[in-house]
Amino acid sequence: CQICSNTKPQTLFPTSKLTDSCNEHPLPCLSCVAGAIAADFTGRIFSPTQIRCPVCTTALAYPAVLKYATGEIRERYERLTLVKALQDDQKFVLCQCGTGQIHETGAAQPIVTCLQCRGKSCFVHRTAWHENLTCAEYDALQKDPVRWERKDTWEIGVTDEVPRERGALEKMRADAWKKKEEESASTVTIAQTTKQCPGCKYRIEKNRGW
């Protein structure tokens, strides 16, 4: 094996090259191929094209990954590849538990209840459902978390629910404020470390001569 340098029976090696572009010989053993797939799969944000041949670095085709990956990696790869494909459908919603489903009613009924874990997500914002807030109220909170207030008077409903509702809303306010601070900090960092290219107008990283 050209990766682990161990001498193994021919039965422990792939029977054909891993990709059409791969002409290297000898091929790595099955164990090293599986290990390379696992390393690529767990080391980055998932993309079906991130799994690469450990020899020629060309992306492995879907059938090749299924053939050479082992156990849990193969199952997760199949599931996430399916999720990636389904995400092209605008009505597909991914739950925080990792499963997803098609929400046929769309934004008209924005609460999506996961068929797997029963958790609730927002179809419009693609986040956990913002309890006690409409989508419009949630948008207003995200826009200005400091000055935002609900229009009702908190006197409606069972009194025991009010403290819990207040606590949930204050947490959402704090999360929204933290997000805005992080976005502002990112904007400052980008401005300090990049400049706009006069040609393509994209921001590019500065070098020491700028």
# chains A, B, ... in the order shown; residues from 1 in each chain; ligands from 1
$ select_by_dssp --residues "stretch 59-149 of chain A" --states "strand (DSSP E)" --output "VMD selection string"
chain A and resid 92 to 94 100 to 102 111 to 113 120 to 122 127 to 128
$ write_last_selection --atoms "N, CA and C atoms" --output "tab-separated table (two decimals), in the first residue's frame"
chain	number	residue	atom	x	y	z
A	92	PHE	N	-38.37	22.34	1.12
A	92	PHE	CA	-37.68	21.42	2.02
A	92	PHE	C	-37.15	22.18	3.23
A	93	VAL	N	-37.40	21.65	4.43
A	93	VAL	CA	-36.95	22.28	5.67
A	93	VAL	C	-36.12	21.27	6.46
A	94	LEU	N	-34.93	21.68	6.87
A	94	LEU	CA	-34.05	20.83	7.66
A	94	LEU	C	-34.22	21.15	9.13
A	100	GLY	N	-35.07	16.06	7.74
A	100	GLY	CA	-35.77	17.11	7.01
A	100	GLY	C	-37.03	16.60	6.36
A	101	GLN	N	-37.84	17.50	5.86
A	101	GLN	CA	-39.10	17.12	5.23
A	101	GLN	C	-39.59	18.23	4.31
A	102	ILE	N	-40.49	17.87	3.40
A	102	ILE	CA	-41.13	18.84	2.52
A	102	ILE	C	-42.32	19.45	3.24
A	111	ILE	N	-45.17	27.23	10.72
A	111	ILE	CA	-44.66	26.30	11.74
A	111	ILE	C	-44.50	24.91	11.12
A	112	VAL	N	-43.26	24.41	11.15
A	112	VAL	CA	-42.96	23.08	10.62
A	112	VAL	C	-42.67	22.15	11.80
A	113	THR	N	-43.49	21.11	11.97
A	113	THR	CA	-43.29	20.15	13.05
A	113	THR	C	-42.55	18.93	12.51
A	120	LYS	N	-40.17	22.07	16.54
A	120	LYS	CA	-40.80	23.03	15.64
A	120	LYS	C	-39.76	23.96	15.03
A	121	SER	N	-39.87	24.17	13.73
A	121	SER	CA	-39.00	25.09	13.00
A	121	SER	C	-39.85	26.12	12.28
A	122	CYS	N	-39.21	27.23	11.90
A	122	CYS	CA	-39.90	28.27	11.13
A	122	CYS	C	-39.56	28.10	9.65
A	127	THR	N	-35.12	28.51	11.09
A	127	THR	CA	-34.54	28.41	12.43
A	127	THR	C	-35.55	27.67	13.31
A	128	ALA	N	-35.15	27.42	14.57
A	128	ALA	CA	-36.13	26.91	15.52
A	128	ALA	C	-37.30	27.90	15.61
$ select_by_dssp --residues "stretch 18-97 of chain A" --states "alpha helix (DSSP H)" --output "ChimeraX atom specification"
/A:30-42,62-68,71-86
$ residues_around --residues "A:Ile3" --least-positions-apart "5" --cutoff "9 Å" --atoms "only C-alpha atoms" --output "PDB file with C-alpha atoms, in the first residue's frame"
ATOM      1  CA  LEU A  27      -3.465   1.600  -5.262  1.00  0.00           C
ATOM      2  CA  PRO A  28      -3.873   2.203  -1.528  1.00  0.00           C
ATOM      3  CA  CYS A  29      -5.401  -0.619   0.472  1.00  0.00           C
ATOM      4  CA  CYS A  32      -6.514   3.403   3.878  1.00  0.00           C
ATOM      5  CA  PRO A  54      -6.297   9.880  -1.542  1.00  0.00           C
ATOM      6  CA  VAL A  55      -4.015   9.326  -4.560  1.00  0.00           C
TER       7      VAL A  55
END
$ closest_residue --among "A:Ser16, A:Thr99, A:Asn23, A:Thr81" --to "A:Phe41" --atoms "only C-alpha atoms"
A:Thr81
$ atom_distance --atom1 "atom CA of A:Arg126" --atom2 "atom CA of A:Val65"
29.8 Å
